[in-house]
>>> print(open('coords04.cif').read())   # mmCIF, C-alpha atoms
data_final
loop_
_atom_site.label_atom_id
_atom_site.label_comp_id
_atom_site.auth_asym_id
_atom_site.auth_seq_id
_atom_site.Cartn_x
_atom_site.Cartn_y
_atom_site.Cartn_z
CA MET A 1242 80.24 94.37 102.84
CA ALA A 1243 80.48 97.42 105.08
CA SER A 1244 79.71 100.60 103.10
CA PHE A 1245 82.56 102.55 101.51
CA VAL A 1246 81.87 105.49 103.85
CA ALA A 1247 82.30 103.13 106.82
CA HIS A 1248 85.52 101.79 105.28
CA TYR A 1249 86.91 105.28 104.75
CA ILE A 1250 86.16 106.44 108.30
CA ALA A 1251 87.64 103.23 109.76
CA GLY A 1252 90.71 103.73 107.54
CA GLU A 1253 91.24 107.23 108.92
CA MET A 1254 90.97 105.81 112.43
CA VAL A 1255 93.72 103.28 111.63
CA LEU A 1256 96.05 106.02 110.35
CA ASN A 1257 95.42 108.10 113.46
CA ARG A 1258 96.04 105.04 115.62
CA ILE A 1259 99.34 104.37 113.83
CA GLU A 1260 100.60 107.91 114.44
CA SER A 1261 99.58 107.79 118.11
CA ARG A 1262 101.18 104.38 118.63
CA TYR A 1263 104.44 104.59 116.69
CA PRO A 1264 107.12 107.32 116.55
CA VAL A 1265 106.38 108.25 112.96
CA ILE A 1266 104.57 111.04 111.14
CA LEU A 1267 103.05 109.42 108.08
CA SER A 1268 103.67 111.02 104.72
CA LYS A 1269 100.74 112.23 102.63
CA SER A 1270 101.70 109.66 100.02
CA PHE A 1271 101.49 106.85 102.58
CA LYS A 1272 98.09 108.07 103.80
CA TYR A 1273 96.60 108.59 100.34
CA LYS A 1274 97.75 105.18 99.13
CA PHE A 1275 96.40 103.51 102.27
CA LEU A 1276 93.01 105.25 102.04
CA LEU A 1277 92.62 104.56 98.31
CA GLY A 1278 93.75 100.96 98.82
CA ASN A 1279 91.13 100.68 101.55
CA LEU A 1280 88.44 101.71 99.04
CA VAL A 1281 89.52 99.94 95.87
CA PRO A 1282 88.24 96.42 96.74
CA ASP A 1283 84.70 97.78 96.32
CA SER A 1284 85.44 99.08 92.82
CA THR A 1285 84.22 97.18 89.78
CA ARG A 1286 85.41 96.69 86.22
CA LEU A 1287 81.83 96.09 85.13
CA LYS A 1288 80.39 98.93 83.06
CA ASN A 1289 76.97 100.04 81.87
CA LEU A 1290 74.93 97.91 84.28
CA GLU A 1291 72.34 100.62 84.95
CA MET A 1292 69.83 99.13 82.53
CA LEU A 1293 69.92 95.69 84.12
CA GLU A 1294 67.27 94.60 86.59
CA ARG A 1295 68.49 95.28 90.14
CA ARG A 1296 68.93 91.64 91.14
CA LYS A 1297 70.85 90.71 87.99
CA ARG A 1298 73.12 93.72 88.47
CA ARG A 1299 73.81 92.78 92.07
CA ASN A 1300 74.58 89.17 91.13
CA LEU A 1301 77.11 90.27 88.50
CA ILE A 1302 78.81 92.63 90.91
CA GLN A 1303 78.88 90.01 93.66
CA GLU A 1304 80.48 87.55 91.25
CA GLU A 1305 83.29 90.02 90.67
CA LYS A 1306 83.59 90.77 94.39
CA ARG A 1307 84.20 87.11 95.09
CA LYS A 1308 87.57 87.73 93.46
CA THR A 1309 88.35 91.23 94.70
CA HIS A 1310 87.39 90.27 98.25
CA PHE A 1311 89.22 86.92 98.21
CA ARG A 1312 86.16 85.05 99.39
CA SER A 1313 86.93 81.54 100.50
CA GLU A 1314 86.17 78.87 97.90
CA GLU A 1315 84.99 76.64 100.72
CA ARG A 1316 82.22 79.11 101.62
CA LEU A 1317 80.82 79.95 98.18
CA ASN A 1318 77.71 77.87 98.98
CA ARG A 1319 77.08 79.90 102.15
CA CYS A 1320 74.80 82.88 102.68
CA ILE A 1321 77.71 84.72 104.33
CA GLN A 1322 81.05 84.52 102.54
CA TYR A 1323 84.09 85.79 104.43
CA PRO A 1324 87.27 87.18 102.89
CA ASP A 1325 90.10 84.66 103.10
CA LEU A 1326 92.73 86.78 104.86
CA ALA A 1327 95.35 84.03 104.79
CA GLN A 1328 95.01 83.73 101.02
CA PHE A 1329 95.53 87.46 100.54
CA LEU A 1330 98.59 87.47 102.81
CA SER A 1331 100.11 84.47 101.06
CA LEU A 1332 99.74 86.17 97.68
CA TYR A 1333 100.44 89.81 98.50
CA GLY A 1334 101.77 90.09 102.05
CA GLY A 1335 105.24 90.69 100.66
CA LEU A 1336 104.04 93.85 98.91
CA MET A 1337 102.91 95.61 102.07
CA LYS A 1338 106.32 97.06 102.93
CA LYS A 1339 106.63 98.38 99.38
CA ASP A 1340 103.24 100.07 99.07
CA SER A 1341 100.83 101.15 101.81
CA SER A 1342 97.85 100.62 99.49
CA VAL A 1343 98.28 96.88 100.11
CA LEU A 1344 97.93 97.40 103.86
CA GLY A 1345 94.83 99.49 103.13
CA TYR A 1346 93.43 96.73 100.94
CA PHE A 1347 94.06 94.16 103.65
CA PHE A 1348 92.37 96.34 106.27
CA HIS A 1349 89.30 96.55 104.01
CA LEU A 1350 89.12 92.75 103.91
CA TYR A 1351 89.62 92.54 107.66
CA THR A 1352 86.85 95.09 108.28
CA ASP A 1353 84.45 93.09 106.12
CA LYS A 1354 85.29 89.88 107.97
CA ILE A 1355 84.58 91.47 111.36
CA PHE A 1356 81.44 93.06 109.93
CA PHE A 1357 80.12 89.66 108.88
CA GLU A 1358 81.16 87.86 112.06
CA HIS A 1359 79.88 90.41 114.56
CA LEU A 1360 77.31 92.83 113.16
CA CYS A 1361 75.61 90.60 110.61
CA SER A 1362 75.40 87.55 112.86
CA GLN A 1363 73.65 89.65 115.50
CA ALA A 1364 71.42 91.59 113.09
CA PHE A 1365 69.80 88.94 110.87
CA THR A 1366 69.44 85.21 110.27
CA PHE A 1367 68.83 83.38 107.00
CA LEU A 1368 65.95 80.89 107.06
CA ASP A 1369 64.77 78.05 104.84
CA ARG A 1370 61.19 77.64 103.61
CA ASN A 1371 60.20 76.11 106.98
CA GLN A 1372 61.66 79.13 108.80
CA ASN A 1373 64.56 77.15 110.21
CA PRO A 1374 67.98 78.84 110.31
CA THR A 1375 70.26 77.80 107.45
CA PRO A 1376 73.79 78.82 106.50
CA TYR A 1377 73.37 77.61 102.91
CA LEU A 1378 72.63 79.91 100.00
CA ASP A 1379 70.51 77.45 98.02
CA ASP A 1380 68.28 76.71 101.02
CA SER A 1381 67.69 80.30 102.12
CA CYS A 1382 64.53 82.05 101.01
CA LEU A 1383 63.73 84.18 104.08
CA VAL A 1384 65.60 86.52 106.42
CA LYS A 1385 64.67 87.15 110.06
CA ILE A 1386 65.56 90.60 111.39
CA GLU A 1387 66.65 89.97 114.95
CA LYS A 1388 65.82 93.35 116.53
CA ASN A 1389 62.11 93.16 115.69
CA GLN A 1390 61.66 89.53 114.54
CA ASN A 1391 60.30 90.68 111.17
CA ILE A 1392 60.69 88.17 108.36
CA LEU A 1393 61.52 89.30 104.82
CA THR A 1394 62.00 87.34 101.65
CA THR A 1395 65.62 87.27 100.48
CA GLY A 1396 64.51 89.40 97.53
CA GLU A 1397 63.12 92.06 99.87
CA PHE A 1398 66.21 91.90 102.05
CA TRP A 1399 68.71 92.38 99.23
CA ASP A 1400 66.81 94.33 96.61
CA ASN A 1401 64.03 96.40 98.17
CA PRO A 1402 65.44 99.92 98.76
CA TYR A 1403 62.83 100.64 101.45
CA LEU A 1404 62.88 97.43 103.49
CA GLY A 1405 66.28 95.76 103.46
CA LEU A 1406 69.98 96.17 103.85
CA TYR A 1407 70.59 99.02 101.40
CA HIS A 1408 67.90 101.18 103.01
CA ASP A 1409 70.04 101.11 106.15
CA TYR A 1410 73.24 101.80 104.22
CA ALA A 1411 71.81 104.97 102.67
CA LEU A 1412 70.91 106.34 106.11
CA LEU A 1413 74.05 105.12 107.87
CA ASN A 1414 76.43 106.82 105.46
CA GLN A 1415 75.03 110.22 106.42
CA VAL A 1416 74.90 109.31 110.12
CA PHE A 1417 78.57 108.26 110.08
CA LEU A 1418 79.67 111.47 108.37
CA ARG A 1419 77.75 113.61 110.84
CA HIS A 1420 78.87 111.65 113.91
CA TYR A 1421 82.53 111.03 113.11
CA GLY A 1422 83.35 113.65 110.49
CA THR A 1423 86.09 113.02 107.95
CA SER A 1424 89.07 114.75 106.38
CA PHE A 1425 88.01 113.36 102.99
CA ASP A 1426 89.25 115.71 100.25
CA PHE A 1427 88.05 114.62 96.84
CA TYR A 1428 90.27 116.99 94.88
CA ARG A 1429 93.49 116.01 96.63
CA LEU A 1430 92.74 112.31 96.24
CA PHE A 1431 91.69 112.83 92.62
CA SER A 1432 94.94 114.67 91.93
CA PHE A 1433 96.86 111.82 93.56
CA LEU A 1434 95.34 109.11 91.33
CA PRO A 1435 98.25 109.14 88.78
CA ASN A 1436 100.46 108.05 91.72
CA PHE A 1437 98.04 105.34 92.80
CA ILE A 1438 99.66 102.52 90.86
CA ASN A 1439 98.80 98.89 91.37
CA PRO A 1440 101.88 97.15 92.86
CA GLY A 1441 100.73 93.75 91.61
CA ILE A 1442 97.26 92.84 92.93
CA CYS A 1443 95.82 91.01 89.93
CA GLU A 1444 92.20 90.90 91.11
CA VAL A 1445 91.50 94.64 90.85
CA ASP A 1446 92.05 97.69 88.63
CA TYR A 1447 93.30 100.55 90.81
CA GLN A 1448 91.97 103.27 88.50
CA GLU A 1449 88.43 102.01 89.00
CA VAL A 1450 88.50 103.63 92.45
CA LEU A 1451 87.41 106.95 90.88
CA PRO A 1452 83.62 106.21 90.90
CA ILE A 1453 83.88 105.42 94.62
CA LEU A 1454 85.63 108.75 95.25
CA GLU A 1455 82.89 110.51 93.30
CA LYS A 1456 80.18 108.81 95.34
CA MET A 1457 81.98 109.63 98.59
CA HIS A 1458 82.25 113.25 97.44
CA GLU A 1459 78.51 113.27 96.75
CA TYR A 1460 77.74 112.10 100.29
CA CYS A 1461 80.12 114.62 101.86
CA GLU A 1462 78.66 117.49 99.84
CA ARG A 1463 75.09 116.81 100.86
CA GLU A 1464 73.62 119.19 103.37
CA ALA A 1465 73.57 117.55 106.77
CA ARG A 1466 70.01 116.87 107.82
CA PHE A 1467 68.87 115.53 111.14
CA LEU A 1468 66.88 112.65 109.79
CA ASP A 1469 64.52 110.47 111.72
CA VAL A 1470 66.86 107.51 111.50
CA ARG A 1471 64.78 104.37 111.53
CA LEU A 1472 67.01 101.50 110.58
CA ASN A 1473 65.31 98.34 109.37
CA VAL A 1474 68.11 95.84 109.99
CA PHE A 1475 70.88 97.25 112.19
CA THR A 1476 71.03 99.36 115.34
CA LEU A 1477 73.05 102.57 115.63
CA SER A 1478 74.65 101.41 118.87
CA SER A 1479 76.10 98.33 117.18
CA PHE A 1480 77.88 100.49 114.62
CA PHE A 1481 79.14 103.04 117.12
CA SER A 1482 80.83 100.20 119.01
CA PHE A 1483 81.96 98.52 115.77
CA PHE A 1484 84.36 101.25 114.60
CA PRO A 1485 86.67 101.33 117.65
CA PHE A 1486 86.44 97.57 118.00
CA VAL A 1487 87.56 96.77 114.44
CA VAL A 1488 90.51 99.19 114.68
CA GLU A 1489 91.78 97.87 118.01
CA ASP A 1490 91.19 94.26 116.98
CA PHE A 1491 93.18 94.85 113.80
CA PHE A 1492 96.15 96.10 115.82
CA GLN A 1493 95.82 93.26 118.31
CA HIS A 1494 96.04 90.61 115.59
CA TYR A 1495 98.42 92.27 113.13
CA SER A 1496 100.75 94.52 115.13
CA PRO A 1497 103.91 92.70 113.92
CA LEU A 1498 102.85 93.19 110.30
CA ILE A 1499 101.98 96.86 110.87
CA GLU A 1500 105.29 97.42 112.65
CA GLU A 1501 107.21 96.02 109.68
CA VAL A 1502 105.41 98.50 107.42
CA MET A 1503 106.20 101.35 109.86
CA ILE A 1504 109.89 100.42 109.95
CA GLU A 1505 110.00 100.60 106.17
CA GLU A 1506 108.15 103.93 106.17
CA GLY A 1507 110.67 105.26 108.71
CA ASN A 1508 113.62 104.05 106.61
CA GLN A 1509 112.23 105.71 103.50
CA LYS A 1510 111.93 109.01 105.33
CA LYS A 1511 115.51 108.77 106.63
CA LEU A 1512 116.76 108.12 103.11
CA SER A 1513 114.98 111.26 101.91
CA ILE A 1514 116.75 113.52 104.46
CA PRO A 1515 119.78 115.32 102.89
#
>>> encode(input="coords04.cif", output="structure tokens")
Amino acid sequence: MASFVAHYIAGEMVLNRIESRYPVILSKSFKYKFLLGNLVPDSTRLKNLEMLERRKRRNLIQEEKRKTHFRSEERLNRCIQYPDLAQFLSLYGGLMKKDSSVLGYFFHLYTDKIFFEHLCSQAFTFLDRNQNPTPYLDDSCLVKIEKNQNILTTGEFWDNPYLGLYHDYALLNQVFLRHYGTSFDFYRLFSFLPNFINPGICEVDYQEVLPILEKMHEYCEREARFLDVRLNVFTLSSFFSFFPFVVEDFFQHYSPLIEEVMIEEGNQKKLSIP
């Protein structure tokens, strides 16, 4: 659920952390596949939804994301639905050594899980009609914003572009780009797309990553403006601590898996030396 700009910046941090931690210089192919794989879970096969009412459009997209984000079947009745990391690894863990896009995809899921568990749980609480906290989707009709105790309807929280979650996303994307910077190069990644081939993840179409690249390019091309950043839901400090935390936590939990991928990357480079 983190924005695609946040995912891309976190993905670059992971690649930098890999090169500082292991004796390997990653190939451009490895990096591009990882970064595109880290974006592709947020792609959609759904077309021509612009004419639909905002809530209906979001519901259709969320239905598709239940599959692309491997959301646990046991939590589909919950307001917050985590990616099932174990399910992804059981299905596609064996592909990681063959294609770095799979590691990128997995890191996207991991980032979303940490985002839900840490940032969202601290930022807002779903309430029932009596304003009691509830974890259940069918019971929730209100959302309490923890930093100011404001209460929104779920419709305002999800769908109002001036009050809720997506108001913050629009501002945060520009803040992240100004604060962290990025080596994002639309034209190089666009040129690489013919080499971005799905190694076997059935839930997603790899070529549908293009609209995300175009949107990322749009954000990067905007003139940087020092906005009066007034977030409705989150705090800037929580995000500035989130990025380093999610990267280090990923390495803490999955170093053996990452090391297996690095060994394979190293072997491939040795094989390419005449």
>>> axis_aligned_box(input="coords04.cif", around="region 1328-1345 of chain A", padding_each_side="5 Å", output="JSON")
{"center_x": 100.7, "center_y": 92.4, "center_z": 100.8, "size_x": 21.8, "size_y": 27.4, "size_z": 16.2}
>>> resolve_selection(input="coords04.cif", expression="the PyMOL selection byres ((chain A and resi 1335) around 12)", output="list of chain:residue names")
A:Phe1329, A:Leu1330, A:Ser1331, A:Leu1332, A:Tyr1333, A:Gly1334, A:Leu1336, A:Met1337, A:Lys1338, A:Lys1339, A:Asp1340, A:Ser1341, A:Val1343, A:Leu1344, A:Pro1440, A:Gly1441, A:Ile1442, A:Leu1498, A:Glu1501, A:Val1502
>>> atom_distance(input="coords04.cif", atom1="CA of Leu1413 (chain A)", atom2="CA of Phe1347 (chain A)")
23.2 Å
>>> atom_distance(input="coords04.cif", atom1="CA of Glu1253 (chain A)", atom2="CA of Val1487 (chain A)")
12.4 Å
>>> closest_residue(input="coords04.cif", among="A:Gly1396, A:Pro1452, A:Pro1485, A:Pro1497", to="Ala1251 (chain A)", atoms="all atoms listed in the file")
A:Pro1485
>>> closest_residue(input="coords04.cif", among="A:Pro1324, A:Gly1345, A:Gly1278, A:Gly1422", to="Leu1454 (chain A)", atoms="all atoms listed in the file")
A:Gly1278
>>> closest_residue(input="coords04.cif", among="A:Phe1311, A:Ile1438, A:Asp1353, A:Cys1320", to="Tyr1377 (chain A)", atoms="all atoms listed in the file")
A:Cys1320
>>> decode(input="coords04.cif", residues="region 1311-1353 of chain A", atoms="N, CA and C atoms", output="PDB file, in the first residue's frame")
ATOM      1  N   PHE A1311      -0.809 -11.082  -2.908  1.00  0.00           N
ATOM      2  CA  PHE A1311      -0.832 -12.334  -2.144  1.00  0.00           C
ATOM      3  C   PHE A1311      -1.402 -12.106  -0.739  1.00  0.00           C
ATOM      4  N   ARG A1312      -2.525 -11.395  -0.703  1.00  0.00           N
ATOM      5  CA  ARG A1312      -3.139 -11.110   0.582  1.00  0.00           C
ATOM      6  C   ARG A1312      -3.748 -12.381   1.173  1.00  0.00           C
ATOM      7  N   SER A1313      -3.523 -12.557   2.448  1.00  0.00           N
ATOM      8  CA  SER A1313      -3.925 -13.771   3.130  1.00  0.00           C
ATOM      9  C   SER A1313      -5.432 -13.969   3.052  1.00  0.00           C
ATOM     10  N   GLU A1314      -5.854 -15.157   2.675  1.00  0.00           N
ATOM     11  CA  GLU A1314      -7.278 -15.489   2.617  1.00  0.00           C
ATOM     12  C   GLU A1314      -7.921 -15.359   3.994  1.00  0.00           C
ATOM     13  N   GLU A1315      -7.145 -15.594   5.026  1.00  0.00           N
ATOM     14  CA  GLU A1315      -7.675 -15.546   6.383  1.00  0.00           C
ATOM     15  C   GLU A1315      -7.988 -14.118   6.841  1.00  0.00           C
ATOM     16  N   ARG A1316      -7.453 -13.115   6.098  1.00  0.00           N
ATOM     17  CA  ARG A1316      -7.623 -11.725   6.521  1.00  0.00           C
ATOM     18  C   ARG A1316      -8.490 -10.918   5.555  1.00  0.00           C
ATOM     19  N   LEU A1317      -9.178 -11.571   4.633  1.00  0.00           N
ATOM     20  CA  LEU A1317      -9.959 -10.835   3.653  1.00  0.00           C
ATOM     21  C   LEU A1317     -11.152 -10.112   4.273  1.00  0.00           C
ATOM     22  N   ASN A1318     -11.527 -10.491   5.497  1.00  0.00           N
ATOM     23  CA  ASN A1318     -12.621  -9.795   6.195  1.00  0.00           C
ATOM     24  C   ASN A1318     -12.099  -8.680   7.091  1.00  0.00           C
ATOM     25  N   ARG A1319     -10.796  -8.390   7.007  1.00  0.00           N
ATOM     26  CA  ARG A1319     -10.184  -7.373   7.863  1.00  0.00           C
ATOM     27  C   ARG A1319     -10.013  -6.045   7.122  1.00  0.00           C
ATOM     28  N   CYS A1320      -9.981  -4.975   7.885  1.00  0.00           N
ATOM     29  CA  CYS A1320      -9.736  -3.647   7.303  1.00  0.00           C
ATOM     30  C   CYS A1320      -8.330  -3.572   6.711  1.00  0.00           C
ATOM     31  N   ILE A1321      -7.374  -4.190   7.399  1.00  0.00           N
ATOM     32  CA  ILE A1321      -5.987  -4.223   6.931  1.00  0.00           C
ATOM     33  C   ILE A1321      -5.664  -5.649   6.516  1.00  0.00           C
ATOM     34  N   GLN A1322      -5.229  -5.808   5.274  1.00  0.00           N
ATOM     35  CA  GLN A1322      -4.948  -7.130   4.719  1.00  0.00           C
ATOM     36  C   GLN A1322      -3.475  -7.207   4.323  1.00  0.00           C
ATOM     37  N   TYR A1323      -2.720  -8.036   5.043  1.00  0.00           N
ATOM     38  CA  TYR A1323      -1.291  -8.128   4.811  1.00  0.00           C
ATOM     39  C   TYR A1323      -0.968  -9.071   3.645  1.00  0.00           C
ATOM     40  N   PRO A1324       0.133  -8.808   2.946  1.00  0.00           N
ATOM     41  CA  PRO A1324       0.639  -9.825   2.014  1.00  0.00           C
ATOM     42  C   PRO A1324       1.061 -11.077   2.782  1.00  0.00           C
ATOM     43  N   ASP A1325       0.799 -12.223   2.197  1.00  0.00           N
ATOM     44  CA  ASP A1325       1.208 -13.495   2.789  1.00  0.00           C
ATOM     45  C   ASP A1325       2.576 -13.852   2.206  1.00  0.00           C
ATOM     46  N   LEU A1326       3.631 -13.474   2.917  1.00  0.00           N
ATOM     47  CA  LEU A1326       4.992 -13.663   2.421  1.00  0.00           C
ATOM     48  C   LEU A1326       5.338 -15.144   2.269  1.00  0.00           C
ATOM     49  N   ALA A1327       4.860 -15.951   3.202  1.00  0.00           N
ATOM     50  CA  ALA A1327       5.146 -17.389   3.140  1.00  0.00           C
ATOM     51  C   ALA A1327       4.530 -18.015   1.892  1.00  0.00           C
ATOM     52  N   GLN A1328       3.332 -17.560   1.527  1.00  0.00           N
ATOM     53  CA  GLN A1328       2.693 -18.088   0.324  1.00  0.00           C
ATOM     54  C   GLN A1328       3.502 -17.741  -0.920  1.00  0.00           C
ATOM     55  N   PHE A1329       3.969 -16.492  -1.006  1.00  0.00           N
ATOM     56  CA  PHE A1329       4.775 -16.102  -2.162  1.00  0.00           C
ATOM     57  C   PHE A1329       6.058 -16.930  -2.245  1.00  0.00           C
ATOM     58  N   LEU A1330       6.725 -17.105  -1.108  1.00  0.00           N
ATOM     59  CA  LEU A1330       7.977 -17.867  -1.110  1.00  0.00           C
ATOM     60  C   LEU A1330       7.742 -19.324  -1.477  1.00  0.00           C
ATOM     61  N   SER A1331       6.643 -19.889  -1.015  1.00  0.00           N
ATOM     62  CA  SER A1331       6.370 -21.294  -1.337  1.00  0.00           C
ATOM     63  C   SER A1331       6.109 -21.486  -2.828  1.00  0.00           C
ATOM     64  N   LEU A1332       5.500 -20.476  -3.453  1.00  0.00           N
ATOM     65  CA  LEU A1332       5.190 -20.571  -4.882  1.00  0.00           C
ATOM     66  C   LEU A1332       6.367 -20.186  -5.762  1.00  0.00           C
ATOM     67  N   TYR A1333       7.086 -19.120  -5.384  1.00  0.00           N
ATOM     68  CA  TYR A1333       8.045 -18.517  -6.311  1.00  0.00           C
ATOM     69  C   TYR A1333       9.440 -18.300  -5.733  1.00  0.00           C
ATOM     70  N   GLY A1334       9.678 -18.769  -4.509  1.00  0.00           N
ATOM     71  CA  GLY A1334      10.998 -18.596  -3.921  1.00  0.00           C
ATOM     72  C   GLY A1334      12.097 -19.228  -4.759  1.00  0.00           C
ATOM     73  N   GLY A1335      11.777 -20.327  -5.419  1.00  0.00           N
ATOM     74  CA  GLY A1335      12.768 -20.999  -6.252  1.00  0.00           C
ATOM     75  C   GLY A1335      13.182 -20.220  -7.486  1.00  0.00           C
ATOM     76  N   LEU A1336      12.416 -19.200  -7.842  1.00  0.00           N
ATOM     77  CA  LEU A1336      12.736 -18.390  -9.021  1.00  0.00           C
ATOM     78  C   LEU A1336      13.706 -17.253  -8.713  1.00  0.00           C
ATOM     79  N   MET A1337      13.931 -16.974  -7.440  1.00  0.00           N
ATOM     80  CA  MET A1337      14.711 -15.785  -7.097  1.00  0.00           C
ATOM     81  C   MET A1337      16.141 -15.846  -7.616  1.00  0.00           C
ATOM     82  N   LYS A1338      16.761 -17.035  -7.568  1.00  0.00           N
ATOM     83  CA  LYS A1338      18.137 -17.137  -8.037  1.00  0.00           C
ATOM     84  C   LYS A1338      18.228 -17.052  -9.552  1.00  0.00           C
ATOM     85  N   LYS A1339      17.101 -17.234 -10.225  1.00  0.00           N
ATOM     86  CA  LYS A1339      17.093 -17.191 -11.690  1.00  0.00           C
ATOM     87  C   LYS A1339      16.814 -15.793 -12.234  1.00  0.00           C
ATOM     88  N   ASP A1340      16.104 -14.969 -11.449  1.00  0.00           N
ATOM     89  CA  ASP A1340      15.660 -13.679 -11.964  1.00  0.00           C
ATOM     90  C   ASP A1340      15.482 -12.711 -10.798  1.00  0.00           C
ATOM     91  N   SER A1341      16.242 -11.610 -10.813  1.00  0.00           N
ATOM     92  CA  SER A1341      16.216 -10.674  -9.687  1.00  0.00           C
ATOM     93  C   SER A1341      14.892  -9.928  -9.584  1.00  0.00           C
ATOM     94  N   SER A1342      14.057  -9.960 -10.633  1.00  0.00           N
ATOM     95  CA  SER A1342      12.747  -9.320 -10.528  1.00  0.00           C
ATOM     96  C   SER A1342      11.900  -9.976  -9.445  1.00  0.00           C
ATOM     97  N   VAL A1343      12.135 -11.255  -9.189  1.00  0.00           N
ATOM     98  CA  VAL A1343      11.361 -11.978  -8.167  1.00  0.00           C
ATOM     99  C   VAL A1343      11.753 -11.494  -6.776  1.00  0.00           C
ATOM    100  N   LEU A1344      13.041 -11.230  -6.580  1.00  0.00           N
ATOM    101  CA  LEU A1344      13.477 -10.644  -5.312  1.00  0.00           C
ATOM    102  C   LEU A1344      12.884  -9.250  -5.153  1.00  0.00           C
ATOM    103  N   GLY A1345      12.837  -8.474  -6.244  1.00  0.00           N
ATOM    104  CA  GLY A1345      12.224  -7.158  -6.203  1.00  0.00           C
ATOM    105  C   GLY A1345      10.749  -7.235  -5.861  1.00  0.00           C
ATOM    106  N   TYR A1346      10.057  -8.175  -6.454  1.00  0.00           N
ATOM    107  CA  TYR A1346       8.633  -8.388  -6.173  1.00  0.00           C
ATOM    108  C   TYR A1346       8.435  -8.713  -4.694  1.00  0.00           C
ATOM    109  N   PHE A1347       9.270  -9.605  -4.186  1.00  0.00           N
ATOM    110  CA  PHE A1347       9.151 -10.004  -2.781  1.00  0.00           C
ATOM    111  C   PHE A1347       9.417  -8.823  -1.857  1.00  0.00           C
ATOM    112  N   PHE A1348      10.404  -7.997  -2.212  1.00  0.00           N
ATOM    113  CA  PHE A1348      10.687  -6.822  -1.367  1.00  0.00           C
ATOM    114  C   PHE A1348       9.504  -5.860  -1.366  1.00  0.00           C
ATOM    115  N   HIS A1349       8.806  -5.728  -2.482  1.00  0.00           N
ATOM    116  CA  HIS A1349       7.595  -4.906  -2.526  1.00  0.00           C
ATOM    117  C   HIS A1349       6.574  -5.423  -1.508  1.00  0.00           C
ATOM    118  N   LEU A1350       6.337  -6.719  -1.500  1.00  0.00           N
ATOM    119  CA  LEU A1350       5.379  -7.296  -0.560  1.00  0.00           C
ATOM    120  C   LEU A1350       5.829  -7.079   0.882  1.00  0.00           C
ATOM    121  N   TYR A1351       7.127  -7.249   1.107  1.00  0.00           N
ATOM    122  CA  TYR A1351       7.655  -7.055   2.461  1.00  0.00           C
ATOM    123  C   TYR A1351       7.482  -5.606   2.916  1.00  0.00           C
ATOM    124  N   THR A1352       7.756  -4.660   2.013  1.00  0.00           N
ATOM    125  CA  THR A1352       7.598  -3.242   2.334  1.00  0.00           C
ATOM    126  C   THR A1352       6.154  -2.930   2.702  1.00  0.00           C
ATOM    127  N   ASP A1353       5.212  -3.474   1.940  1.00  0.00           N
ATOM    128  CA  ASP A1353       3.799  -3.250   2.251  1.00  0.00           C
ATOM    129  C   ASP A1353       3.432  -3.819   3.616  1.00  0.00           C
TER     130      ASP A1353
END
